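Enquirer: Pasting a structure below so you can have a look.
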Amino acid sequence: MIAIVRKDHARHRVVVLALDGVIPFELSIPSRIFGTAESPDGEPLYEVITCTVDGRPVRTTADFTIAVEHGADALATADTLVIPAAYGAGTIHELGRLPEPLAAALATVRPRTRMVSICLGSYVLAAMGLLDGRPATTHWSHAEDFQRLFPRVRVDPDVLFVDDGDVLTSAGAAAGMDLCLHLVRRDHGSEVTNQVARGCVVPPWREGGQAQYIERPVPAPSTAGTARTRAWALERLHEPLPLSELAAHARMSVRTFIRRFREEVGMPPGQWLIRQRVDRARHLLESSDLPVDLIAGQTGFGTTASLRHHLHAAIGVSPMAYRRTFHRHEPPPAVLHPPAPRP
């Protein structure tokens, strides 16, 4: 194991803590982003080192282990500490409590160190008590479990990352790149960030949040309650569908229909209808080349402005931005180069 020596006026040191069961992709993000950030004269702006709690190799979620050169002594030298997602420490994800060796190692982190989590690394920060009363995020599929385990954290499952000053959390997987690019931008400005993003072949800034990546399947209709009316409405999203018409189809009074609908679906009919129209619009933006104004008409929004408003309210992006990201283009044909003529 290599000894850590900290010099005065050294580059900003980013220490990445690899825990047992670490996800390789998330582990590689800090090195790829911070490690390629350079000043205009080509000087590295960060020093990135990776450590484990005991300096030994750790298992990953893939079919290989990760060997590192540093142990827990690196934690005390960090200007920024990054904790990527890992599945190995069951007491964190099940009980919200740090294992003793990890707790002892993290106790050596200096008070003014900037703390960063990628994806499920947020469980570690929350178990340390750093997120109590603060906004944070994590992977959307774990947001409910995370909130249950750490009720004092103000969880926002819709954003790509949360910057709360000295503590920052990101959503799942590639959102860690968004957060690390944000930190480079915060530290050194847009010009350096754009250069890093170009080198990684990723956008320097992504619009919207992780809400646009969440699938919300419509429950299968049944013969009870309002299910038949919901299925009927899904076939007529291009029509106005006022509440009175929905209630009449269900053969209920408006008041009874609203009450039964809330009991079965968990939201009022108008909110449910907007969600279905947004989901249908997302599908058409992904799978068709229809102009946005026609999609607005076919999904019942009527105007492009109305579609833009509701889509932005739901997932934080405009129709065109969503289409640029998710449109299912056919892959370009392979470019074949003819062989050079023989002499």
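Order determines the names: the first chain of the structure tokens is A, the second B, and so forth; residues in each chain are numbered 1 upward, and ligands are numbered 1 upward as they are shown.
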Counting only C-alpha atoms, what is within 12 Å of Gly172 of chain A, bar same-chain residues fewer than 5 positions away, as JSON, numbers by chain?
Expert: {"A": [23, 25, 26, 29, 84, 85, 86, 117, 118, 119, 120, 121, 122, 137, 138, 139, 140, 141, 142, 143, 157, 158, 159, 160, 161, 177, 178, 179, 209, 210, 211, 213, 214]}
Enquirer: With only C-alpha atoms as the counted atoms, please give the residues lying no more than 12 Å from segment 301-312 of chain A, apart from itself and same-chain residues fewer than 4 positions off, as a ChimeraX atom specification.
Expert: /A:207-209,211-212,237-241,271,273-282,285,291-297,316-323
Enquirer: Between A:Asp73, A:Pro151, A:Val15, A:Ala174, single out the one closest to Met115 of chain A, counting only C-alpha atoms.
Expert: A:Val15
Enquirer: In terms of the shortest atom-to-atom distance over only C-alpha atoms, which of A:Pro204, A:Ser190, A:Arg114, A:Phe150 is closest to Asp163 of chain A?
Expert: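 Result for the nearest residue to Asp163 of chain A: A:Arg114.
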Enquirer: Please provide as number ranges by chain all residues within 12 Å of Leu183 of chain A, with the sequence filter that same-chain residues fewer than 4 positions apart are discarded (counting only C-alpha atoms).
Expert: A: 12, 14, 30, 33-34, 37, 46, 80, 82, 114-116, 161-170, 176-179, 187-190, 192-193, 196, 204-205
Enquirer: As number ranges by chain, please: all residues of segment 34-260 of chain A that backbone DSSP puts in helix (DSSP H, G or I).
Expert: A: 34, 72-77, 90-95, 100-106, 119-127, 140-149, 175-188, 190-200, 210-213, 227-234, 243-249, 254-260
Enquirer: Could the residues in this selection be written to a file with C-alpha atoms, as a PDB file, in the first residue's frame?
Expert:
ATOM      1  CA  PHE A  34     -12.060  15.039 -12.496  1.00  0.00           C
ATOM      2  CA  ALA A  72      -8.518   4.428   4.851  1.00  0.00           C
ATOM      3  CA  ASP A  73      -5.611   6.799   5.577  1.00  0.00           C
ATOM      4  CA  ALA A  74      -6.444   8.523   2.271  1.00  0.00           C
ATOM      5  CA  LEU A  75      -9.773   9.717   3.668  1.00  0.00           C
ATOM      6  CA  ALA A  76      -8.112  12.247   5.973  1.00  0.00           C
ATOM      7  CA  THR A  77      -6.388  13.883   2.979  1.00  0.00           C
ATOM      8  CA  GLY A  90     -26.239  -4.879   4.153  1.00  0.00           C
ATOM      9  CA  THR A  91     -26.491  -3.010   7.454  1.00  0.00           C
ATOM     10  CA  ILE A  92     -26.598   0.293   5.551  1.00  0.00           C
ATOM     11  CA  HIS A  93     -29.383  -0.612   3.139  1.00  0.00           C
ATOM     12  CA  GLU A  94     -31.362  -2.719   5.601  1.00  0.00           C
ATOM     13  CA  LEU A  95     -30.885  -0.934   8.933  1.00  0.00           C
ATOM     14  CA  GLU A 100     -18.135  -0.466  12.475  1.00  0.00           C
ATOM     15  CA  PRO A 101     -15.000  -0.537  10.255  1.00  0.00           C
ATOM     16  CA  LEU A 102     -16.593   1.875   7.796  1.00  0.00           C
ATOM     17  CA  ALA A 103     -17.800   4.181  10.573  1.00  0.00           C
ATOM     18  CA  ALA A 104     -14.291   4.283  12.061  1.00  0.00           C
ATOM     19  CA  ALA A 105     -12.747   5.045   8.675  1.00  0.00           C
ATOM     20  CA  LEU A 106     -15.211   7.846   7.884  1.00  0.00           C
ATOM     21  CA  CYS A 119     -26.541   6.779  -6.761  1.00  0.00           C
ATOM     22  CA  LEU A 120     -26.909   4.518  -3.683  1.00  0.00           C
ATOM     23  CA  GLY A 121     -23.848   6.095  -2.094  1.00  0.00           C
ATOM     24  CA  SER A 122     -26.453   8.422  -0.582  1.00  0.00           C
ATOM     25  CA  TYR A 123     -27.238   5.673   1.948  1.00  0.00           C
ATOM     26  CA  VAL A 124     -23.752   6.115   3.404  1.00  0.00           C
ATOM     27  CA  LEU A 125     -24.100   9.894   3.745  1.00  0.00           C
ATOM     28  CA  ALA A 126     -27.539   9.473   5.317  1.00  0.00           C
ATOM     29  CA  ALA A 127     -26.268   6.827   7.749  1.00  0.00           C
ATOM     30  CA  TRP A 140     -35.525   6.735  -8.320  1.00  0.00           C
ATOM     31  CA  SER A 141     -36.189   3.010  -7.831  1.00  0.00           C
ATOM     32  CA  HIS A 142     -34.831   3.210  -4.248  1.00  0.00           C
ATOM     33  CA  ALA A 143     -36.337   6.583  -3.303  1.00  0.00           C
ATOM     34  CA  GLU A 144     -39.248   5.174  -1.279  1.00  0.00           C
ATOM     35  CA  ASP A 145     -37.041   2.732   0.621  1.00  0.00           C
ATOM     36  CA  PHE A 146     -34.477   5.476   1.218  1.00  0.00           C
ATOM     37  CA  GLN A 147     -37.158   7.827   2.601  1.00  0.00           C
ATOM     38  CA  ARG A 148     -38.544   5.083   4.850  1.00  0.00           C
ATOM     39  CA  LEU A 149     -35.104   4.276   6.223  1.00  0.00           C
ATOM     40  CA  ALA A 175     -26.437  11.143 -13.103  1.00  0.00           C
ATOM     41  CA  GLY A 176     -23.105  10.812 -11.307  1.00  0.00           C
ATOM     42  CA  MET A 177     -21.488  12.268 -14.427  1.00  0.00           C
ATOM     43  CA  ASP A 178     -23.910  15.194 -14.321  1.00  0.00           C
ATOM     44  CA  LEU A 179     -22.987  15.860 -10.702  1.00  0.00           C
ATOM     45  CA  CYS A 180     -19.225  15.607 -11.256  1.00  0.00           C
ATOM     46  CA  LEU A 181     -19.437  17.919 -14.286  1.00  0.00           C
ATOM     47  CA  HIS A 182     -21.448  20.319 -12.140  1.00  0.00           C
ATOM     48  CA  LEU A 183     -18.673  20.323  -9.545  1.00  0.00           C
ATOM     49  CA  VAL A 184     -16.049  21.055 -12.204  1.00  0.00           C
ATOM     50  CA  ARG A 185     -18.241  23.912 -13.424  1.00  0.00           C
ATOM     51  CA  ARG A 186     -18.646  25.189  -9.878  1.00  0.00           C
ATOM     52  CA  ASP A 187     -14.907  24.999  -9.253  1.00  0.00           C
ATOM     53  CA  HIS A 188     -13.489  26.169 -12.584  1.00  0.00           C
ATOM     54  CA  SER A 190     -17.956  26.403 -18.065  1.00  0.00           C
ATOM     55  CA  GLU A 191     -14.949  26.453 -20.377  1.00  0.00           C
ATOM     56  CA  VAL A 192     -13.098  23.744 -18.444  1.00  0.00           C
ATOM     57  CA  THR A 193     -16.327  21.767 -18.024  1.00  0.00           C
ATOM     58  CA  ASN A 194     -17.107  21.861 -21.733  1.00  0.00           C
ATOM     59  CA  GLN A 195     -13.633  20.586 -22.505  1.00  0.00           C
ATOM     60  CA  VAL A 196     -14.066  17.673 -20.089  1.00  0.00           C
ATOM     61  CA  ALA A 197     -17.510  16.861 -21.499  1.00  0.00           C
ATOM     62  CA  ARG A 198     -16.209  16.858 -25.060  1.00  0.00           C
ATOM     63  CA  GLY A 199     -13.449  14.458 -24.080  1.00  0.00           C
ATOM     64  CA  CYS A 200     -15.992  12.129 -22.478  1.00  0.00           C
ATOM     65  CA  GLN A 210     -34.644  11.584 -13.578  1.00  0.00           C
ATOM     66  CA  ALA A 211     -38.445  11.771 -13.724  1.00  0.00           C
ATOM     67  CA  GLN A 212     -38.133  11.476 -17.505  1.00  0.00           C
ATOM     68  CA  TYR A 213     -36.519   8.018 -17.066  1.00  0.00           C
ATOM     69  CA  ALA A 227     -61.476   0.562 -14.349  1.00  0.00           C
ATOM     70  CA  ARG A 228     -63.722   0.248 -17.425  1.00  0.00           C
ATOM     71  CA  THR A 229     -63.963   4.012 -17.665  1.00  0.00           C
ATOM     72  CA  ARG A 230     -60.201   4.390 -17.379  1.00  0.00           C
ATOM     73  CA  ALA A 231     -59.707   1.919 -20.232  1.00  0.00           C
ATOM     74  CA  TRP A 232     -62.371   3.746 -22.245  1.00  0.00           C
ATOM     75  CA  ALA A 233     -60.678   7.106 -21.625  1.00  0.00           C
ATOM     76  CA  LEU A 234     -57.275   5.783 -22.719  1.00  0.00           C
ATOM     77  CA  LEU A 243     -65.403  14.994 -15.713  1.00  0.00           C
ATOM     78  CA  SER A 244     -69.145  14.789 -16.287  1.00  0.00           C
ATOM     79  CA  GLU A 245     -68.618  12.564 -19.338  1.00  0.00           C
ATOM     80  CA  LEU A 246     -66.286  10.238 -17.411  1.00  0.00           C
ATOM     81  CA  ALA A 247     -68.796   9.954 -14.564  1.00  0.00           C
ATOM     82  CA  ALA A 248     -71.642   9.288 -17.010  1.00  0.00           C
ATOM     83  CA  HIS A 249     -69.691   6.469 -18.646  1.00  0.00           C
ATOM     84  CA  VAL A 254     -69.678  13.153 -10.410  1.00  0.00           C
ATOM     85  CA  ARG A 255     -69.155  13.216  -6.661  1.00  0.00           C
ATOM     86  CA  THR A 256     -69.261   9.407  -6.343  1.00  0.00           C
ATOM     87  CA  PHE A 257     -67.008   8.986  -9.367  1.00  0.00           C
ATOM     88  CA  ILE A 258     -64.345  11.295  -7.917  1.00  0.00           C
ATOM     89  CA  ARG A 259     -64.431   9.466  -4.584  1.00  0.00           C
ATOM     90  CA  ARG A 260     -64.258   5.993  -6.147  1.00  0.00           C
TER      91      ARG A 260
END
Enquirer: What gap, in Å, lies between atom CA of Thr113 of chain A and atom CA of Gly133 of chain A?
Expert: 19.1 Å
Enquirer: Could you tell me how far atom CA of Ser39 of chain A lies from atom CA of Arg11 of chain A, in Å and to one decimal?
Expert: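 Between atom CA of Ser39 of chain A and atom CA of Arg11 of chain A the gap works out to 11.5 Å.
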